[in-house]
file query.txt (compact mmCIF, C-alpha atoms and all ligand atoms)
# COMPACT_ATOMS: atom_id res chain seq x y z
CA MET A 1 0.24 8.85 38.16
CA SER A 2 3.24 9.95 36.09
CA ILE A 3 2.64 12.00 32.96
CA CYS A 4 4.25 9.24 30.90
CA GLU A 5 1.45 6.86 31.81
CA GLN A 6 -0.87 9.13 29.81
CA SER A 7 0.93 7.94 26.69
CA PRO A 8 -0.80 4.93 25.10
CA SER A 9 0.67 1.59 26.18
CA TYR A 10 1.51 0.77 22.53
CA ILE A 11 3.78 3.84 22.43
CA ARG A 12 5.46 2.97 25.70
CA ALA A 13 6.07 -0.57 24.40
CA ILE A 14 8.14 0.59 21.41
CA ALA A 15 11.79 -0.49 21.45
CA PRO A 16 13.74 2.51 20.11
CA TYR A 17 15.71 2.22 16.83
CA GLN A 18 19.39 1.45 17.39
CA PRO A 19 21.52 3.45 14.95
CA GLY A 20 25.11 2.67 13.99
CA LYS A 21 27.60 4.13 16.45
CA PRO A 22 28.69 7.63 15.33
CA ILE A 23 32.42 8.21 14.76
CA ALA A 24 32.57 11.06 17.31
CA GLU A 25 30.99 8.85 20.00
CA LEU A 26 33.52 6.04 19.54
CA ALA A 27 36.37 8.58 19.56
CA ARG A 28 35.10 9.93 22.92
CA GLU A 29 34.52 6.52 24.45
CA MET A 30 37.82 4.94 23.48
CA GLY A 31 40.06 8.01 23.28
CA LEU A 32 40.70 7.32 19.58
CA ASP A 33 41.56 9.83 16.86
CA GLU A 34 38.42 10.47 14.76
CA ALA A 35 40.49 10.58 11.58
CA ARG A 36 41.59 6.98 12.13
CA ILE A 37 38.13 5.54 12.74
CA ILE A 38 36.31 3.83 9.90
CA LYS A 39 32.54 3.59 10.06
CA LEU A 40 31.02 0.76 8.06
CA ALA A 41 27.84 0.62 10.12
CA SER A 42 25.06 2.54 8.35
CA ASN A 43 25.26 1.65 4.64
CA GLU A 44 26.52 5.11 3.77
CA ASN A 45 28.28 5.85 0.46
CA PRO A 46 32.08 5.67 0.97
CA LEU A 47 32.53 8.11 -1.96
CA GLY A 48 30.53 10.81 -0.20
CA MET A 49 28.20 12.72 -2.51
CA SER A 50 28.19 13.85 -6.12
CA PRO A 51 30.19 17.06 -6.66
CA LYS A 52 27.12 18.36 -8.52
CA ALA A 53 25.00 17.86 -5.40
CA ARG A 54 27.57 19.73 -3.34
CA ALA A 55 27.54 22.65 -5.80
CA ALA A 56 23.73 22.72 -5.68
CA ILE A 57 23.82 22.88 -1.87
CA GLU A 58 26.31 25.73 -1.97
CA SER A 59 24.17 27.76 -4.31
CA ALA A 60 21.00 27.07 -2.30
CA ILE A 61 22.51 28.31 0.99
CA GLY A 62 21.72 31.95 0.21
CA ASP A 63 17.98 31.24 0.32
CA LEU A 64 17.77 29.47 3.67
CA ALA A 65 15.77 32.28 5.29
CA ARG A 66 12.86 31.18 3.09
CA TYR A 67 10.68 28.11 3.54
CA PRO A 68 11.37 25.31 1.09
CA ASP A 69 9.01 24.57 -1.81
CA GLY A 70 6.46 22.45 0.04
CA ASN A 71 5.34 20.92 -3.25
CA ALA A 72 8.91 20.05 -4.32
CA PHE A 73 8.01 21.10 -7.86
CA ASP A 74 11.43 20.68 -9.51
CA LEU A 75 12.39 17.41 -7.83
CA LYS A 76 8.98 15.85 -8.41
CA ALA A 77 9.06 16.90 -12.08
CA ALA A 78 12.49 15.32 -12.53
CA LEU A 79 11.42 12.09 -10.81
CA ALA A 80 8.18 11.97 -12.79
CA ARG A 81 10.17 12.27 -16.04
CA ARG A 82 12.55 9.54 -14.95
CA TYR A 83 9.74 7.05 -14.29
CA SER A 84 7.32 8.27 -16.99
CA LEU A 85 4.70 9.10 -14.38
CA ALA A 86 2.66 12.21 -13.63
CA PRO A 87 4.18 14.46 -10.91
CA GLU A 88 1.00 13.74 -8.90
CA CYS A 89 2.31 10.16 -8.47
CA VAL A 90 5.40 11.33 -6.55
CA VAL A 91 5.59 12.14 -2.83
CA VAL A 92 8.92 13.29 -1.40
CA GLY A 93 9.96 12.73 2.18
CA ASN A 94 12.50 13.47 4.87
CA GLY A 95 14.36 10.31 3.93
CA SER A 96 12.39 7.37 2.59
CA ASN A 97 11.83 6.57 6.27
CA ASP A 98 9.36 9.47 6.18
CA LEU A 99 7.45 7.74 3.36
CA LEU A 100 7.20 4.54 5.43
CA GLU A 101 5.78 6.60 8.29
CA LEU A 102 3.39 8.47 5.99
CA VAL A 103 1.95 5.25 4.57
CA ALA A 104 1.53 3.88 8.08
CA GLY A 105 -0.08 7.16 9.19
CA ALA A 106 -2.49 7.14 6.26
CA PHE A 107 -3.62 3.52 6.57
CA LEU A 108 -3.01 2.08 10.05
CA THR A 109 -5.19 2.47 13.15
CA PRO A 110 -5.33 0.66 16.49
CA GLY A 111 -6.91 -2.68 15.65
CA SER A 112 -5.49 -2.90 12.13
CA ALA A 113 -2.37 -4.85 11.21
CA SER A 114 0.66 -4.81 8.93
CA VAL A 115 2.62 -7.78 7.63
CA TYR A 116 6.41 -7.91 7.31
CA SER A 117 9.15 -10.49 7.32
CA ARG A 118 11.37 -11.61 10.17
CA HIS A 119 14.83 -9.96 9.78
CA ALA A 120 13.25 -7.13 7.73
CA PHE A 121 14.04 -3.42 8.11
CA ALA A 122 13.48 -2.13 11.68
CA VAL A 123 11.31 0.80 10.65
CA TYR A 124 8.38 -1.46 9.64
CA PRO A 125 7.64 -2.54 13.23
CA LEU A 126 8.32 1.00 14.49
CA ALA A 127 5.88 2.64 12.06
CA THR A 128 3.29 -0.04 12.82
CA GLN A 129 3.56 0.15 16.60
CA ALA A 130 3.40 3.96 16.63
CA ARG A 131 -0.18 3.69 15.25
CA GLY A 132 -1.23 1.08 17.78
CA ALA A 133 -1.51 -1.45 14.95
CA ARG A 134 -0.38 -5.04 15.21
CA GLY A 135 2.71 -6.28 13.39
CA ILE A 136 2.37 -9.73 11.87
CA VAL A 137 5.90 -11.11 11.58
CA VAL A 138 6.32 -13.83 8.97
CA PRO A 139 9.16 -16.37 9.31
CA ALA A 140 11.95 -15.83 6.78
CA LYS A 141 13.20 -18.30 4.18
CA ASN A 142 17.02 -18.42 4.03
CA PHE A 143 16.99 -14.99 5.74
CA GLY A 144 14.84 -13.57 2.91
CA HIS A 145 11.15 -12.79 2.45
CA ASP A 146 8.87 -15.80 2.04
CA LEU A 147 6.24 -14.15 -0.14
CA SER A 148 3.78 -17.06 -0.13
CA ALA A 149 3.89 -17.17 3.67
CA MET A 150 3.44 -13.39 3.74
CA LEU A 151 0.43 -13.68 1.45
CA ALA A 152 -1.05 -16.38 3.70
CA ALA A 153 -0.45 -14.17 6.77
CA ILE A 154 -2.75 -11.40 5.52
CA THR A 155 -5.82 -11.15 7.79
CA PRO A 156 -9.04 -9.13 7.33
CA GLU A 157 -7.46 -6.48 9.63
CA THR A 158 -4.33 -6.18 7.47
CA ARG A 159 -3.95 -2.81 5.74
CA LEU A 160 -0.25 -2.88 4.81
CA VAL A 161 2.44 -5.30 3.71
CA PHE A 162 6.07 -4.17 3.76
CA VAL A 163 8.48 -5.79 1.28
CA ALA A 164 12.15 -4.70 1.25
CA ASN A 165 13.97 -5.51 -1.98
CA PRO A 166 16.88 -5.87 -1.43
CA ASN A 167 16.26 -6.29 2.28
CA ASN A 168 18.34 -4.65 4.99
CA PRO A 169 20.12 -6.13 6.98
CA THR A 170 20.16 -9.47 5.12
CA GLY A 171 20.77 -8.22 1.55
CA THR A 172 18.36 -10.83 0.16
CA PHE A 173 16.71 -10.15 -3.19
CA LEU A 174 13.39 -11.07 -4.81
CA ALA A 175 13.21 -11.37 -8.60
CA SER A 176 10.74 -9.31 -10.59
CA ALA A 177 8.52 -12.32 -11.41
CA GLU A 178 8.14 -13.28 -7.73
CA ILE A 179 6.99 -9.80 -6.74
CA GLU A 180 4.70 -9.48 -9.73
CA ALA A 181 3.03 -12.81 -8.85
CA PHE A 182 2.70 -11.66 -5.24
CA LEU A 183 1.12 -8.34 -6.27
CA SER A 184 -1.45 -10.12 -8.40
CA LYS A 185 -2.59 -12.18 -5.37
CA VAL A 186 -2.59 -9.58 -2.58
CA PRO A 187 -6.16 -8.38 -1.89
CA SER A 188 -6.71 -5.02 -3.58
CA ASN A 189 -7.63 -3.36 -0.26
CA VAL A 190 -4.16 -4.04 1.20
CA VAL A 191 -1.35 -1.59 0.42
CA VAL A 192 1.95 -3.15 -0.64
CA VAL A 193 4.97 -1.00 0.22
CA LEU A 194 7.89 -2.04 -1.96
CA ASP A 195 10.98 -0.56 -0.32
CA GLU A 196 13.76 -0.28 -2.91
CA ALA A 197 16.34 1.68 -0.92
CA TYR A 198 19.23 -0.30 -2.48
CA ASN A 199 17.90 -0.52 -6.04
CA GLU A 200 20.85 1.36 -7.55
CA TYR A 201 23.25 -1.35 -6.34
CA LEU A 202 21.55 -4.12 -8.33
CA PRO A 203 23.45 -5.42 -11.36
CA PRO A 204 21.73 -4.54 -14.65
CA GLU A 205 20.51 -8.13 -15.19
CA LEU A 206 18.55 -8.07 -11.90
CA ARG A 207 17.13 -4.58 -12.25
CA PHE A 208 13.51 -3.99 -13.27
CA ASN A 209 11.17 -1.04 -13.45
CA SER A 210 8.66 -1.60 -10.67
CA ALA A 211 6.99 1.75 -11.49
CA ARG A 212 5.22 0.19 -14.48
CA TRP A 213 3.27 -2.04 -12.06
CA LEU A 214 1.42 1.08 -10.92
CA GLU A 215 -0.60 0.82 -14.14
CA ARG A 216 -2.25 -2.35 -12.83
CA HIS A 217 -1.96 -2.10 -9.04
CA ASP A 218 -3.66 0.82 -7.31
CA ASN A 219 -2.47 -0.55 -3.95
CA LEU A 220 1.28 -0.34 -4.71
CA VAL A 221 3.63 2.19 -3.07
CA ILE A 222 7.30 2.12 -4.16
CA THR A 223 9.87 3.86 -1.97
CA ARG A 224 13.38 4.93 -2.97
CA THR A 225 16.04 7.04 -1.30
CA PHE A 226 18.89 9.49 -1.90
CA SER A 227 20.62 8.22 1.26
CA LYS A 228 22.46 5.24 -0.15
CA ALA A 229 23.89 5.23 -3.70
CA TYR A 230 23.37 9.00 -4.03
CA GLY A 231 25.33 9.65 -0.84
CA LEU A 232 22.94 12.16 0.78
CA ALA A 233 22.07 10.31 4.03
CA GLY A 234 22.75 13.35 6.22
CA LEU A 235 20.35 15.57 4.27
CA ARG A 236 17.37 13.21 4.60
CA VAL A 237 15.55 12.90 1.30
CA GLY A 238 13.64 10.06 -0.30
CA TYR A 239 10.51 9.57 -2.37
CA GLY A 240 7.55 7.35 -3.04
CA LEU A 241 5.81 6.45 -6.30
CA MET A 242 2.11 5.63 -6.16
CA LYS A 243 -1.31 6.38 -7.65
CA PRO A 244 -2.31 10.07 -7.37
CA GLU A 245 -5.21 9.12 -5.05
CA VAL A 246 -2.80 7.45 -2.64
CA ALA A 247 -0.33 10.35 -2.95
CA ASP A 248 -3.16 12.69 -2.03
CA LEU A 249 -3.70 10.79 1.24
CA LEU A 250 -0.01 10.86 2.09
CA ASN A 251 0.12 14.58 1.36
CA ARG A 252 -2.61 15.09 3.97
CA VAL A 253 -0.58 13.48 6.74
CA ARG A 254 2.87 14.81 5.86
CA GLN A 255 4.34 17.99 7.30
CA PRO A 256 3.85 20.83 4.80
CA PHE A 257 7.62 21.42 4.57
CA ASN A 258 8.91 17.90 5.22
CA VAL A 259 11.94 18.19 2.90
CA ASN A 260 14.35 21.09 3.46
CA SER A 261 15.66 23.35 0.69
CA LEU A 262 19.22 22.01 0.69
CA ALA A 263 17.93 18.46 0.40
CA LEU A 264 15.62 19.38 -2.48
CA ALA A 265 18.42 21.13 -4.38
CA ALA A 266 20.97 18.39 -3.74
CA ALA A 267 18.60 15.56 -4.67
CA HIS A 268 17.65 17.26 -7.92
CA ALA A 269 21.31 17.68 -8.88
CA ALA A 270 22.25 14.18 -7.69
CA LEU A 271 19.53 12.60 -9.80
CA ALA A 272 21.11 14.10 -12.91
CA ASP A 273 24.62 12.84 -12.08
CA GLN A 274 24.40 9.28 -13.37
CA ALA A 275 28.20 9.08 -13.61
CA PHE A 276 28.46 9.36 -9.81
CA VAL A 277 25.88 6.60 -9.28
CA ASP A 278 27.73 4.38 -11.80
CA GLN A 279 30.98 4.98 -9.95
CA SER A 280 29.32 4.11 -6.61
CA TYR A 281 27.89 0.95 -8.14
CA ALA A 282 31.26 -0.15 -9.53
CA LEU A 283 33.08 0.52 -6.24
CA ASN A 284 30.43 -1.51 -4.41
CA ARG A 285 30.77 -4.47 -6.77
CA SER A 286 34.54 -4.67 -6.39
CA GLY A 287 34.32 -4.08 -2.62
CA MET A 288 31.76 -6.86 -2.28
CA ALA A 289 34.10 -9.28 -4.08
CA GLN A 290 36.97 -8.11 -1.87
CA LEU A 291 35.03 -8.76 1.34
CA GLU A 292 33.71 -12.13 0.14
CA ALA A 293 37.27 -13.22 -0.67
CA GLY A 294 38.34 -12.04 2.80
CA PHE A 295 35.55 -13.97 4.55
CA ARG A 296 36.36 -17.06 2.50
CA ALA A 297 40.03 -16.85 3.49
CA LEU A 298 39.01 -16.57 7.16
CA GLY A 299 36.61 -19.53 6.88
CA LEU A 300 33.60 -17.37 7.71
CA SER A 301 30.20 -17.79 6.07
CA TRP A 302 28.04 -14.89 4.89
CA ILE A 303 24.61 -14.18 3.43
CA ALA A 304 24.86 -13.36 -0.29
CA SER A 305 23.89 -9.68 -0.56
CA SER A 306 22.45 -7.51 -3.31
CA GLY A 307 22.96 -4.29 -1.32
CA ASN A 308 25.98 -2.20 -0.27
CA PHE A 309 26.50 -4.24 2.91
CA ILE A 310 26.92 -7.85 3.90
CA CYS A 311 26.05 -9.97 6.95
CA PHE A 312 28.71 -12.45 8.00
CA ALA A 313 28.50 -15.15 10.66
CA LEU A 314 30.88 -15.48 13.59
CA PRO A 315 31.73 -18.74 15.34
CA ASP A 316 30.20 -19.44 18.75
CA GLU A 317 32.35 -19.03 21.85
CA ASN A 318 31.66 -21.48 24.67
CA GLY A 319 28.33 -22.32 23.07
CA LYS A 320 27.27 -18.65 22.89
CA PRO A 321 27.21 -16.33 19.86
CA GLY A 322 30.65 -14.72 19.42
CA ALA A 323 29.46 -11.75 17.36
CA GLY A 324 29.24 -9.36 20.36
CA THR A 325 32.87 -9.99 21.37
CA VAL A 326 34.10 -9.50 17.80
CA TYR A 327 32.06 -6.26 17.52
CA GLN A 328 33.77 -4.91 20.67
CA LYS A 329 37.22 -5.95 19.48
CA LEU A 330 36.63 -4.21 16.15
CA LEU A 331 35.53 -1.05 18.00
CA ARG A 332 38.74 -1.03 20.00
CA GLN A 333 40.62 -1.02 16.68
CA GLY A 334 38.55 1.90 15.44
CA VAL A 335 36.28 -0.11 13.11
CA ILE A 336 32.52 0.34 13.51
CA VAL A 337 30.24 -2.35 12.08
CA ARG A 338 26.63 -3.10 12.98
CA PRO A 339 25.39 -5.72 15.44
CA VAL A 340 22.13 -7.29 14.24
CA THR A 341 20.95 -8.90 17.48
CA GLY A 342 17.91 -6.59 17.32
CA TYR A 343 17.06 -8.31 14.02
CA GLU A 344 17.17 -11.70 15.77
CA MET A 345 20.51 -12.48 14.15
CA PRO A 346 22.81 -12.80 17.19
CA ARG A 347 25.45 -14.79 15.29
CA HIS A 348 25.96 -12.20 12.52
CA LEU A 349 27.47 -8.75 12.10
CA ARG A 350 26.62 -6.43 9.21
CA VAL A 351 29.40 -4.50 7.48
CA THR A 352 28.91 -1.79 4.85
CA ILE A 353 31.09 -2.04 1.75
CA GLY A 354 33.70 0.72 2.03
CA THR A 355 36.51 1.95 -0.18
CA GLN A 356 39.20 -0.56 -1.07
CA VAL A 357 41.43 0.75 1.74
CA GLU A 358 38.60 0.72 4.31
CA ASN A 359 37.72 -2.85 3.34
CA GLU A 360 41.36 -3.88 3.78
CA MET A 361 41.53 -2.22 7.20
CA PHE A 362 38.30 -3.89 8.23
CA LEU A 363 39.53 -7.33 7.14
CA ALA A 364 42.82 -6.83 9.00
CA ALA A 365 40.97 -5.77 12.16
CA LEU A 366 38.56 -8.70 11.77
CA THR A 367 41.44 -11.16 11.41
CA ALA A 368 42.89 -9.81 14.67
CA SER A 369 39.48 -10.07 16.39
CA LEU A 370 38.71 -13.71 15.71
CA PRO A 371 39.31 -16.31 18.40
CA ALA A 372 42.66 -18.07 17.81
C1 LIG M 401 18.36 2.91 4.69
C2 LIG M 401 17.04 2.30 4.42
C3 LIG M 401 15.89 3.08 4.21
C4 LIG M 401 15.73 4.52 4.33
O1 LIG M 401 16.65 5.34 4.60
P1 LIG M 401 16.35 6.90 4.47
O2 LIG M 401 17.66 7.47 4.81
O3 LIG M 401 15.29 7.25 5.45
O4 LIG M 401 15.92 7.14 3.07
C5 LIG M 401 14.71 2.46 3.88
N1 LIG M 401 14.64 1.15 3.77
C6 LIG M 401 15.69 0.36 3.96
C7 LIG M 401 15.52 -1.10 3.79
C8 LIG M 401 16.92 0.91 4.32
O5 LIG M 401 17.95 0.12 4.58
call {"tool": "encode", "arguments": {"input": "query.txt", "output": "structure tokens", "more": "lines below"}}
Ligand SMILES: *Cc1c(COP(=O)(O)O)cnc(C)c1O
result
Amino acid sequence: MSICEQSPSYIRAIAPYQPGKPIAELAREMGLDEARIIKLASNENPLGMSPKARAAIESAIGDLARYPDGNAFDLKAALARRYSLAPECVVVGNGSNDLLELVAGAFLTPGSASVYSRHAFAVYPLATQARGARGIVVPAKNFGHDLSAMLAAITPETRLVFVANPNNPTGTFLASAEIEAFLSKVPSNVVVVLDEAYNEYLPPELRFNSARWLERHDNLVITRTFSKAYGLAGLRVGYGLMKPEVADLLNRVRQPFNVNSLALAAAHAALADQAFVDQSYALNRSGMAQLEAGFRALGLSWIASSGNFICFALPDENGKPGAGTVYQKLLRQGVIVRPVTGYEMPRHLRVTIGTQVENEMFLAALTASLPA
């Protein structure tokens, strides 16, 4: 018997996460100049990071021989102030992905189940399967979460429900009232993870403070990240807001030093630089309008998005989805977008909103990639 057969069958059954293609990899594969490649595949911030975050990283470098603050005192204090919560309500993670894993690790076992939507973020099934738990996939409504169907899908074995708002890769959004109504009906012994990775991209009229729901819902865990609007994806830092009792459980399963010193320093500085977040928001709004106008001119349909990315549909070729061919043609022109076949969306591609110039280059490459 091979050693790998000693691994539980539910581990061996996991389909690995498919990341966006790195720039260096495409350059190697196609013999392209890295400087001419544009990557719009991983919802990264086209402005980079806040200059204040960069300065914080530079001044933290001298201390890298020491372990980071495992309690993240400064960052947790700043986040607690921002949301008017006690620092005991905040758990920081190695990206918000870490928080999703920590919740799964604290609540799921073989035999239990989690509920999530079709076309929802890929980490929900991954975190579920890694615990030997069963994923209950609920059909989507117009590519978005169908909260009443998700409520109805909860079984006695269900310990977790994942809700992404906005969702990735579809960009669909649930209004405050819908989530609040959902929270009031979910059994109190089921944890609701509200994943708000793209919250900072919402227009002011759609934004709401989900943290205040913690006053009434002990079973709520809110996750946010510094990877998207804050531009710190490479450093890996995110956080969760929850009741102190729930935070205590997550702290038992997390690595003692799960967030590195540079990430802690950068996140703390980035949080204070609202001007950078505002600039990122504004660039995203104008870029979204630019891409929508481009799709309209090309006669392509898209899914209205509340994030920093957009899924657009490609015409079929000989009765088969044409998205794969267009993806390859874009790659050959040095433009990386994201196939979403793994999300059961074989007719779509997802593109991240870039700078104005990147968006123009993408639209030109797309125009050249469409069947005549
Ligand atoms: C990007 C993303 C995350 C987390 O990213 P991290 O870099 O791990 O913080 C979480 N949820 C959704 C829906 C995302 O798209």
call {"tool": "residues_near_point", "arguments": {"input": "query.txt", "point": "(38.8, 3.0, 10.2)", "cutoff": "7 Å", "atoms": "all atoms listed in the file", "output": "VMD selection string"}}
result
chain A and resid 36 to 39 334 to 335 358 361
call {"tool": "atom_distance", "arguments": {"input": "query.txt", "atom1": "CA of Ala113 in chain A", "atom2": "CA of Pro244 in chain A"}}
result
23.8 Å
call {"tool": "residues_around", "arguments": {"input": "query.txt", "residues": "Leu64 in chain A", "least_positions_apart": "6", "cutoff": "10 Å", "atoms": "only C-alpha atoms", "output": "PyMOL selection string"}}
result
chain A and resi 260-262
call {"tool": "residues_near_ligand", "arguments": {"input": "query.txt", "ligand": "ligand LIG 401 (chain M)", "cutoff": "6 Å", "atoms": "all atoms listed in the file", "output": "PyMOL selection string"}}
result
chain A and resi 95-97+121+164+167-168+195+197+225+227+233+236+238
call {"tool": "residues_around", "arguments": {"input": "query.txt", "residues": "Phe276 in chain A", "least_positions_apart": "3", "cutoff": "8 Å", "atoms": "all atoms listed in the file", "output": "list in words"}}
result
Ser50, Tyr230, Asp273, Gln279 and Ser280 of chain A
call {"tool": "atom_distance", "arguments": {"input": "query.txt", "atom1": "CA of Leu151 in chain A", "atom2": "CA of Tyr198 in chain A"}}
result
23.4 Å
call {"tool": "closest_residue", "arguments": {"input": "query.txt", "among": "A:Leu85, A:Val190, A:Ile3, A:Ala65", "to": "Leu214 in chain A", "atoms": "all atoms listed in the file"}}
result
A:Leu85
call {"tool": "residues_around", "arguments": {"input": "query.txt", "residues": "Pro256 in chain A", "least_positions_apart": "5", "cutoff": "10 Å", "atoms": "only C-alpha atoms", "output": "number ranges by chain"}}
result
A: 68-71, 251
call {"tool": "write_last_selection", "arguments": {"input": "query.txt", "atoms": "C-alpha atoms", "output": "compact mmCIF listing (two decimals), keeping the file's coordinate frame"}}
result
# COMPACT_ATOMS: atom_id res chain seq x y z
CA PRO A 68 11.37 25.31 1.09
CA ASP A 69 9.01 24.57 -1.81
CA GLY A 70 6.46 22.45 0.04
CA ASN A 71 5.34 20.92 -3.25
CA ASN A 251 0.12 14.58 1.36
call {"tool": "closest_residue", "arguments": {"input": "query.txt", "among": "A:Leu40, A:Glu180, A:Ala263, A:Gly342", "to": "Ile61 in chain A", "atoms": "only C-alpha atoms"}}
result
A:Ala263
call {"tool": "closest_residue", "arguments": {"input": "query.txt", "among": "A:Lys243, A:Ala72, A:Ala106, A:Ile57", "to": "Ala86 in chain A", "atoms": "all atoms listed in the file"}}
result
A:Lys243
call {"tool": "closest_residue", "arguments": {"input": "query.txt", "among": "A:Glu245, A:Glu101, A:Asp146, A:Glu344", "to": "Gln129 in chain A", "atoms": "all atoms listed in the file"}}
result
A:Glu101
call {"tool": "residues_around", "arguments": {"input": "query.txt", "residues": "range 18-30 of chain A", "least_positions_apart": "6", "cutoff": "7 Å", "atoms": "all atoms listed in the file", "output": "VMD selection string"}}
result
chain A and resid 37 39 41 to 42 332 336 338
call {"tool": "closest_residue", "arguments": {"input": "query.txt", "among": "A:Thr355, A:Asn199, A:Asn219, A:Thr325", "to": "Ser306 in chain A", "atoms": "only C-alpha atoms"}}
result
A:Asn199
call {"tool": "residues_near_point", "arguments": {"input": "query.txt", "point": "(-1.8, -9.6, 6.9)", "cutoff": "12 Å", "atoms": "only C-alpha atoms", "output": "number ranges by chain"}}
result
A: 112-117, 133-138, 147-162, 186-187, 189-192
call {"tool": "atom_distance", "arguments": {"input": "query.txt", "atom1": "CA of Val103 in chain A", "atom2": "CA of Leu183 in chain A"}}
result
17.4 Å
